[in-house]
file final_22.cif (mmCIF, C-alpha atoms)
data_work
#
loop_
_atom_site.label_atom_id
_atom_site.label_comp_id
_atom_site.auth_asym_id
_atom_site.auth_seq_id
_atom_site.Cartn_x
_atom_site.Cartn_y
_atom_site.Cartn_z
CA GLN T 1 0.00 0.00 0.00
CA ALA T 2 1.39 3.41 -0.96
CA THR T 3 0.18 6.98 -1.30
CA MET T 4 1.43 10.48 -2.01
CA CYS T 5 0.52 12.94 0.73
CA ALA T 6 1.17 16.40 2.13
CA SER T 7 2.12 15.33 5.66
CA LEU T 8 1.97 12.65 8.33
CA LYS T 9 -0.01 12.67 11.55
CA GLU T 10 0.78 10.04 14.17
CA GLY T 11 2.51 7.93 11.51
CA SER T 12 -0.40 7.99 9.05
CA PRO T 13 -0.63 9.89 5.75
CA CYS T 14 -2.63 13.15 5.75
CA ASP T 15 -4.01 15.06 2.77
CA PRO T 16 -3.38 12.38 0.12
CA GLY T 17 -3.58 13.49 -3.48
CA ALA T 18 -2.24 13.57 -7.01
CA VAL T 19 -1.74 17.35 -7.32
CA PHE T 20 0.21 19.43 -4.81
CA PRO T 21 0.98 23.18 -4.82
CA VAL T 22 4.66 24.15 -4.84
CA SER T 23 3.86 26.51 -1.93
CA GLN T 24 3.27 23.45 0.25
CA GLY T 25 7.05 23.14 0.53
CA LYS T 26 7.29 19.34 0.49
CA VAL T 27 5.55 16.15 -0.59
CA LEU T 28 5.83 12.66 0.89
CA CYS T 29 5.64 9.14 -0.48
CA PHE T 30 4.24 6.87 2.27
CA SER T 31 4.42 3.09 1.91
CA SER T 32 3.16 0.34 4.19
CA PHE T 33 3.93 -3.38 4.06
CA ASP T 34 2.14 -6.21 5.87
CA PRO T 35 3.44 -8.80 6.32
CA VAL T 36 7.20 -8.23 6.33
CA PRO T 37 8.69 -11.75 6.72
CA ARG T 38 12.29 -10.61 7.32
CA LYS T 39 14.34 -7.43 7.47
CA THR T 40 14.67 -6.12 3.94
CA PHE T 41 15.10 -2.93 1.95
CA ILE T 42 13.01 -1.03 -0.56
CA PHE T 43 13.79 2.05 -2.63
CA HIS T 44 11.77 5.16 -3.44
CA SER T 45 13.03 6.57 -6.76
CA TRP T 46 11.71 10.09 -7.47
CA PHE T 47 11.47 11.14 -11.15
CA HIS T 48 10.67 14.65 -12.42
CA ARG T 49 9.89 14.80 -16.14
CA GLU T 50 11.43 11.32 -16.59
CA VAL T 51 14.73 12.35 -14.90
CA LEU T 52 15.79 10.52 -11.71
CA ILE T 53 16.12 13.21 -9.02
CA THR T 54 16.76 11.10 -5.92
CA ARG T 55 16.73 7.47 -4.81
CA GLN T 56 16.11 6.80 -1.14
CA LYS T 57 16.77 3.45 0.55
CA LEU T 58 14.28 2.47 3.28
CA THR T 59 14.52 -0.42 5.74
CA LEU T 60 11.54 -2.68 6.44
CA ASN T 61 11.40 -4.70 9.67
CA PRO T 62 9.05 -7.59 10.59
CA PRO T 63 6.22 -8.20 11.23
CA ARG T 64 4.84 -5.12 9.38
CA TRP T 65 6.37 -1.76 8.60
CA SER T 66 5.54 1.69 7.30
CA SER T 67 8.02 4.22 6.03
CA TYR T 68 8.20 7.31 3.87
CA SER T 69 10.51 9.49 1.84
CA THR T 70 10.09 13.17 1.09
CA ILE T 71 11.36 15.93 -1.16
CA GLN T 72 11.48 19.66 -0.58
CA LEU T 73 9.71 21.61 -3.33
CA ARG T 74 11.18 24.51 -5.30
CA GLU T 75 9.71 26.63 -8.06
CA ALA T 76 11.60 24.56 -10.67
CA ASP T 77 9.83 21.38 -9.46
CA LYS T 78 6.50 22.18 -11.13
CA GLY T 79 5.25 19.56 -13.55
CA PRO T 80 4.77 15.80 -13.68
CA TRP T 81 6.45 13.47 -11.19
CA ARG T 82 6.44 9.79 -10.35
CA VAL T 83 7.83 7.67 -7.54
CA GLU T 84 8.81 4.08 -8.30
CA ILE T 85 8.85 1.81 -5.27
CA THR T 86 11.21 -1.10 -5.92
CA ASP T 87 12.54 -4.03 -3.95
CA GLN T 88 16.22 -4.85 -3.51
CA ASP T 89 16.14 -6.82 -6.79
CA GLU T 90 14.96 -3.68 -8.66
CA ARG T 91 11.47 -5.11 -9.24
CA ILE T 92 8.86 -2.33 -9.37
CA LEU T 93 6.29 -2.88 -6.63
CA GLU T 94 4.25 0.26 -7.35
CA THR T 95 4.43 3.49 -9.34
CA LEU T 96 2.76 6.63 -7.99
CA ARG T 97 2.19 9.60 -10.30
CA PHE T 98 1.52 13.17 -9.18
CA SER T 99 2.00 16.79 -10.25
CA ILE T 100 3.37 19.94 -8.66
CA THR T 101 1.46 23.13 -9.60
CA ASP T 102 1.32 26.85 -8.75
#

call {"tool": "encode", "arguments": {"input": "final_22.cif", "output": "structure tokens"}}
result
Amino acid sequence: QATMCASLKEGSPCDPGAVFPVSQGKVLCFSSFDPVPRKTFIFHSWFHREVLITRQKLTLNPPRWSSYSTIQLREADKGPWRVEITDQDERILETLRFSITD
């Protein structure tokens, strides 16, 4: 399970969406896994206009785990984005698409 959101409250995503204003200052990719059979890693790869901007490694611990990655927004970040969530073997588990606007 994964979602793009504006913030977290008590470890849960708040204000989920597909369009976020640049004035918000940041956007988060929240992902939750249940079950997690053993300690493992996933990656959140953030793409802006098809260009890889950042790749963040996240640790998952049993029995279930939630984690997130975030980016700070700048004026130049307007436009289409996607986050690819992959496992340690580079298999895509989910792709989330969103946009940054005025």

call {"tool": "resolve_selection", "arguments": {"input": "final_22.cif", "expression": "the PyMOL selection byres ((chain T and resi 79-92) around 9)", "output": "MDAnalysis selection string"}}
result
chainID T and resid 2 4 29 31 40:50 76:78 93:101

call {"tool": "resolve_selection", "arguments": {"input": "final_22.cif", "expression": "the PyMOL selection byres ((chain T and resi 63) around 6)", "output": "tab-separated table (two decimals) with C-alpha atoms, keeping the file's coordinate frame"}}
result
chain	number	residue	atom	x	y	z
T	35	PRO	CA	3.44	-8.80	6.32
T	36	VAL	CA	7.20	-8.23	6.33
T	62	PRO	CA	9.05	-7.59	10.59
T	64	ARG	CA	4.84	-5.12	9.38

call {"tool": "atom_distance", "arguments": {"input": "final_22.cif", "atom1": "atom CA of T:Ile53", "atom2": "atom CA of T:Ser69"}}
result
12.8 Å

call {"tool": "atom_distance", "arguments": {"input": "final_22.cif", "atom1": "atom CA of T:Ser67", "atom2": "atom CA of T:Phe33"}}
result
8.9 Å

call {"tool": "residues_around", "arguments": {"input": "final_22.cif", "residues": "T:Leu8", "least_positions_apart": "2", "cutoff": "12 Å", "atoms": "only C-alpha atoms", "output": "CSV table (one decimal) with C-alpha atoms, in the coordinates of the input"}}
result
chain,number,residue,atom,x,y,z
T,3,THR,CA,0.2,7.0,-1.3
T,4,MET,CA,1.4,10.5,-2.0
T,5,CYS,CA,0.5,12.9,0.7
T,6,ALA,CA,1.2,16.4,2.1
T,10,GLU,CA,0.8,10.0,14.2
T,11,GLY,CA,2.5,7.9,11.5
T,12,SER,CA,-0.4,8.0,9.0
T,13,PRO,CA,-0.6,9.9,5.8
T,14,CYS,CA,-2.6,13.2,5.8
T,15,ASP,CA,-4.0,15.1,2.8
T,16,PRO,CA,-3.4,12.4,0.1
T,26,LYS,CA,7.3,19.3,0.5
T,27,VAL,CA,5.6,16.2,-0.6
T,28,LEU,CA,5.8,12.7,0.9
T,29,CYS,CA,5.6,9.1,-0.5
T,30,PHE,CA,4.2,6.9,2.3
T,31,SER,CA,4.4,3.1,1.9
T,66,SER,CA,5.5,1.7,7.3
T,67,SER,CA,8.0,4.2,6.0
T,68,TYR,CA,8.2,7.3,3.9
T,69,SER,CA,10.5,9.5,1.8
T,70,THR,CA,10.1,13.2,1.1

call {"tool": "atom_distance", "arguments": {"input": "final_22.cif", "atom1": "atom CA of T:Val51", "atom2": "atom CA of T:Ser7"}}
result
24.3 Å

call {"tool": "axis_aligned_box", "arguments": {"input": "final_22.cif", "around": "stretch 40-50 of chain T", "padding_each_side": "6 Å", "output": "AutoDock Vina command-line options"}}
result
--center_x 12.5 --center_y 4.3 --center_z -6.3 --size_x 17.2 --size_y 32.9 --size_z 32.5

call {"tool": "residues_around", "arguments": {"input": "final_22.cif", "residues": "T:Asp102", "least_positions_apart": "6", "cutoff": "12 Å", "atoms": "only C-alpha atoms", "output": "NGL selection string"}}
result
:T and (19-25 or 73-79)

call {"tool": "resolve_selection", "arguments": {"input": "final_22.cif", "expression": "the PyMOL selection byres ((chain T and resi 39) around 6)", "output": "MDAnalysis selection string"}}
result
chainID T and resid 38 40 60:61
